[in-house]
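J.: So that you have it, the file is structure23.pdb, and it contains PDB, C-alpha atoms and all ligand atoms:
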MODEL        1
ATOM      1  CA  MET A   1       0.000   0.000   0.000  1.00  0.00           C
ATOM      2  CA  VAL A   2       1.466   3.374  -1.058  1.00  0.00           C
ATOM      3  CA  ARG A   3       1.403   6.056   1.625  1.00  0.00           C
ATOM      4  CA  PHE A   4       2.398   9.717   1.224  1.00  0.00           C
ATOM      5  CA  VAL A   5       4.046  11.021   4.399  1.00  0.00           C
ATOM      6  CA  TYR A   6       4.669  14.732   4.657  1.00  0.00           C
ATOM      7  CA  ASN A   7       6.384  16.713   7.410  1.00  0.00           C
ATOM      8  CA  ALA A   8       5.174  20.329   7.349  1.00  0.00           C
ATOM      9  CA  GLU A   9       7.796  21.330   9.912  1.00  0.00           C
ATOM     10  CA  ARG A  10      10.557  20.369   7.506  1.00  0.00           C
ATOM     11  CA  CYS A  11       8.995  21.820   4.406  1.00  0.00           C
ATOM     12  CA  THR A  12      10.097  25.396   3.919  1.00  0.00           C
ATOM     13  CA  LEU A  13       7.733  26.867   1.426  1.00  0.00           C
ATOM     14  CA  PRO A  14       8.748  30.504   1.110  1.00  0.00           C
ATOM     15  CA  TYR A  15       5.788  32.814   1.232  1.00  0.00           C
ATOM     16  CA  ASP A  16       5.414  35.975  -0.877  1.00  0.00           C
ATOM     17  CA  PRO A  17       3.013  38.357   0.896  1.00  0.00           C
ATOM     18  CA  GLU A  18       2.477  40.405  -2.255  1.00  0.00           C
ATOM     19  CA  GLN A  19       1.427  37.460  -4.376  1.00  0.00           C
ATOM     20  CA  ARG A  20      -0.105  35.730  -1.345  1.00  0.00           C
ATOM     21  CA  ARG A  21       1.320  32.401  -2.368  1.00  0.00           C
ATOM     22  CA  PRO A  22       4.534  30.402  -2.140  1.00  0.00           C
ATOM     23  CA  THR A  23       6.740  31.437  -5.011  1.00  0.00           C
ATOM     24  CA  THR A  24       9.758  29.181  -4.907  1.00  0.00           C
ATOM     25  CA  CYS A  25      10.658  25.584  -4.180  1.00  0.00           C
ATOM     26  CA  LEU A  26       7.578  23.497  -4.975  1.00  0.00           C
ATOM     27  CA  LYS A  27      10.159  21.149  -6.449  1.00  0.00           C
ATOM     28  CA  CYS A  28       8.135  18.137  -5.434  1.00  0.00           C
ATOM     29  CA  ILE A  29       5.122  19.408  -7.356  1.00  0.00           C
ATOM     30  CA  GLU A  30       7.197  20.051 -10.453  1.00  0.00           C
ATOM     31  CA  ALA A  31       8.891  16.670 -10.213  1.00  0.00           C
ATOM     32  CA  CYS A  32       5.780  14.518  -9.939  1.00  0.00           C
ATOM     33  CA  PRO A  33       5.180  12.883 -13.332  1.00  0.00           C
ATOM     34  CA  LYS A  34       1.575  12.147 -12.380  1.00  0.00           C
ATOM     35  CA  SER A  35       0.761  15.676 -11.167  1.00  0.00           C
ATOM     36  CA  LEU A  36      -0.459  14.266  -7.882  1.00  0.00           C
ATOM     37  CA  LEU A  37       1.103  16.847  -5.581  1.00  0.00           C
ATOM     38  CA  MET A  38      -0.496  20.194  -4.793  1.00  0.00           C
ATOM     39  CA  PHE A  39      -0.285  22.913  -2.166  1.00  0.00           C
ATOM     40  CA  ARG A  40      -2.872  24.474   0.104  1.00  0.00           C
ATOM     41  CA  PRO A  41      -2.894  26.861   3.072  1.00  0.00           C
ATOM     42  CA  LEU A  42      -1.975  25.367   6.410  1.00  0.00           C
ATOM     43  CA  LYS A  43      -4.904  25.469   8.792  1.00  0.00           C
ATOM     44  CA  LYS A  44      -2.826  26.339  11.820  1.00  0.00           C
ATOM     45  CA  LYS A  45      -0.394  29.242  11.787  1.00  0.00           C
ATOM     46  CA  SER A  46       3.307  28.561  11.673  1.00  0.00           C
ATOM     47  CA  PRO A  47       5.286  28.884  14.930  1.00  0.00           C
ATOM     48  CA  ASP A  48       6.993  32.042  13.664  1.00  0.00           C
ATOM     49  CA  GLY A  49       3.614  33.640  13.024  1.00  0.00           C
ATOM     50  CA  ALA A  50       4.217  33.985   9.297  1.00  0.00           C
ATOM     51  CA  PRO A  51       0.916  34.451   7.509  1.00  0.00           C
ATOM     52  CA  GLY A  52      -0.375  31.982   5.012  1.00  0.00           C
ATOM     53  CA  ARG A  53       2.084  29.136   5.317  1.00  0.00           C
ATOM     54  CA  TYR A  54       1.366  26.329   2.915  1.00  0.00           C
ATOM     55  CA  GLU A  55       1.557  22.584   2.930  1.00  0.00           C
ATOM     56  CA  ILE A  56       1.950  19.964   0.259  1.00  0.00           C
ATOM     57  CA  TYR A  57      -0.667  17.279  -0.135  1.00  0.00           C
ATOM     58  CA  MET A  58      -1.339  14.401  -2.457  1.00  0.00           C
ATOM     59  CA  ALA A  59      -4.499  14.360  -4.539  1.00  0.00           C
ATOM     60  CA  PHE A  60      -6.385  11.058  -4.482  1.00  0.00           C
ATOM     61  CA  ARG A  61      -4.364  10.155  -1.397  1.00  0.00           C
ATOM     62  CA  SER A  62      -6.747   7.416  -0.385  1.00  0.00           C
ATOM     63  CA  ARG A  63      -6.255   5.855  -3.795  1.00  0.00           C
ATOM     64  CA  ALA A  64      -2.502   6.354  -3.969  1.00  0.00           C
ATOM     65  CA  ASP A  65      -2.037   2.693  -4.852  1.00  0.00           C
ATOM     66  CA  LYS A  66      -3.819   3.288  -8.099  1.00  0.00           C
ATOM     67  CA  TYR A  67      -2.279   6.617  -9.086  1.00  0.00           C
ATOM     68  CA  CYS A  68       1.209   6.820  -7.530  1.00  0.00           C
ATOM     69  CA  PRO A  69       3.794   4.438  -9.009  1.00  0.00           C
ATOM     70  CA  SER A  70       6.217   5.159  -6.116  1.00  0.00           C
ATOM     71  CA  CYS A  71       8.810   6.627  -8.445  1.00  0.00           C
ATOM     72  CA  LEU A  72      10.222   8.624  -5.483  1.00  0.00           C
ATOM     73  CA  LYS A  73      10.998  11.668  -7.631  1.00  0.00           C
ATOM     74  CA  CYS A  74       9.275  13.901  -5.051  1.00  0.00           C
ATOM     75  CA  VAL A  75      11.437  12.429  -2.304  1.00  0.00           C
ATOM     76  CA  GLU A  76      14.642  12.850  -4.293  1.00  0.00           C
ATOM     77  CA  VAL A  77      14.136  16.529  -5.169  1.00  0.00           C
ATOM     78  CA  CYS A  78      13.060  17.731  -1.732  1.00  0.00           C
ATOM     79  CA  PRO A  79      15.996  19.617  -0.188  1.00  0.00           C
ATOM     80  CA  ASN A  80      14.631  19.182   3.328  1.00  0.00           C
ATOM     81  CA  GLY A  81      13.608  15.556   3.518  1.00  0.00           C
ATOM     82  CA  ALA A  82      10.017  16.615   4.083  1.00  0.00           C
ATOM     83  CA  ILE A  83       8.462  13.823   2.012  1.00  0.00           C
ATOM     84  CA  ARG A  84       8.543  10.074   2.358  1.00  0.00           C
ATOM     85  CA  ILE A  85       6.711   7.476   0.298  1.00  0.00           C
ATOM     86  CA  LYS A  86       5.959   4.317   2.186  1.00  0.00           C
ATOM     87  CA  VAL A  87       5.138   1.151   0.311  1.00  0.00           C
TER      88      VAL A  87
HETATM   89  S1  LIG A 101       6.323   8.944  -5.785  1.00  0.00           S
HETATM   90 FE1  LIG A 101       6.357   9.783  -7.906  1.00  0.00          FE
HETATM   91  S2  LIG A 101       4.236   9.637  -8.635  1.00  0.00           S
HETATM   92 FE2  LIG A 101       4.194   9.372  -6.402  1.00  0.00          FE
HETATM   93  S3  LIG A 101       3.785  11.431  -5.600  1.00  0.00           S
HETATM   94 FE3  LIG A 101       6.020  11.178  -5.647  1.00  0.00          FE
HETATM   95  S4  LIG A 101       6.710  11.984  -7.630  1.00  0.00           S
HETATM   96 FE4  LIG A 101       4.477  11.678  -7.725  1.00  0.00          FE
HETATM   97  S1  LIG A 102      10.321  19.938  -2.334  1.00  0.00           S
HETATM   98 FE1  LIG A 102      10.260  19.662  -0.086  1.00  0.00          FE
HETATM   99  S2  LIG A 102      10.683  21.703   0.751  1.00  0.00           S
HETATM  100 FE2  LIG A 102      10.104  21.970  -1.420  1.00  0.00          FE
HETATM  101  S3  LIG A 102       7.875  22.349  -1.402  1.00  0.00           S
HETATM  102 FE3  LIG A 102       8.174  20.132  -1.687  1.00  0.00          FE
HETATM  103  S4  LIG A 102       8.110  19.258   0.403  1.00  0.00           S
HETATM  104 FE4  LIG A 102       8.448  21.477   0.615  1.00  0.00          FE
ENDMDL
END
Just give me the structure of the file as structure tokens.
T.:
Amino acid sequence: MVRFVYNAERCTLPYDPEQRRPTTCLKCIEACPKSLLMFRPLKKKSPDGAPGRYEIYMAFRSRADKYCPSCLKCVEVCPNGAIRIKV
């Protein structure tokens, strides 16, 4: 069973207050050949109080077995070790 494990504390999505969105990194999203990874606002505020922190999530997570071939490209490109794929 494929499981997407994400550590928001490790993920450092830089936030641009003018554009109100993360503007850099997102390497995992760009690397995913199946376009399964997306970002959304974190519900709770970050410890440093920065507004609008974001988190990465996997679309169709409950059906990851069907859609994610466990290629590990997202894991390999992440500079912070914020993503693991468990099989
Ligand atoms: S393991 Fe591959 S297909 Fe699955 S989410 Fe990561 S990059 Fe996408
Ligand atoms: S590659 Fe890693 S640090 Fe960059 S957005 Fe994805 S999870 Fe966050």
J.: Rounded to one decimal place, report the atom CA of A:Arg84-atom CA of A:Glu9 distance in Å.
T.: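 Pair atom CA of A:Arg84 / atom CA of A:Glu9 returns 13.6 Å.
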J.: Any idea what's packed within 10 Å of A:Phe4, counting all atoms listed in the file, ignoring anything in its chain fewer than 2 positions away? Could you give it as a list in words?
T.: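 The contact residues come out as Val2, Tyr6, Leu37, Tyr57, Met58, Arg61, Ser62, Ala64, Cys68, Ser70, Ile83, Arg84, Ile85, Lys86 and Val87 of chain A.
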J.: Using all atoms listed in the file, determine which residues fall within 7 Å of ligand LIG 101 (chain A), then list them as a list in words.
T.: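 Result of the 7 Å neighbour search around ligand LIG 101 (chain A): Cys28, Ala31, Cys32, Pro33, Lys34, Ser35, Leu36, Leu37, Met58, Cys68, Pro69, Ser70, Cys71, Leu72, Lys73, Cys74, Val75 and Ile85 of chain A.
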J.: To test your reading of the syntax: which residues would the PyMOL selection byres (((not hetatm)) within 7 of (chain A and resi 102)) return for the file shown? Reply as a PyMOL selection string.
T.: chain A and resi 10-13+25-29+56+74+77-83
J.: Enter the distance from atom CA of A:Glu55 to atom CA of A:Arg20, in Å, rounded to one decimal.
T.: 13.9 Å
J.: Nearest to A:Phe60: which of A:Glu76, A:Tyr15, A:Met38, A:Glu30 is it, counting all atoms listed in the file?
T.: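 Selected residue with least distance to A:Phe60: A:Met38.
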J.: Just to confirm, what's the straight-line distance from atom CA of A:Arg40 to atom CA of A:Arg3 in Å (one decimal)?
T.: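 Value for the atom CA of A:Arg40-atom CA of A:Arg3 distance: 19.0 Å.
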J.: Taking all atoms of stretch 2-13 of chain A that appear in the file, build a box with edges along x, y and z, extend it by 5 Å on every side, and state its centre and edge lengths in Å to one decimal, as JSON.
T.:
{"center_x": 6.0, "center_y": 15.1, "center_z": 4.4, "size_x": 19.2, "size_y": 33.5, "size_z": 21.0}
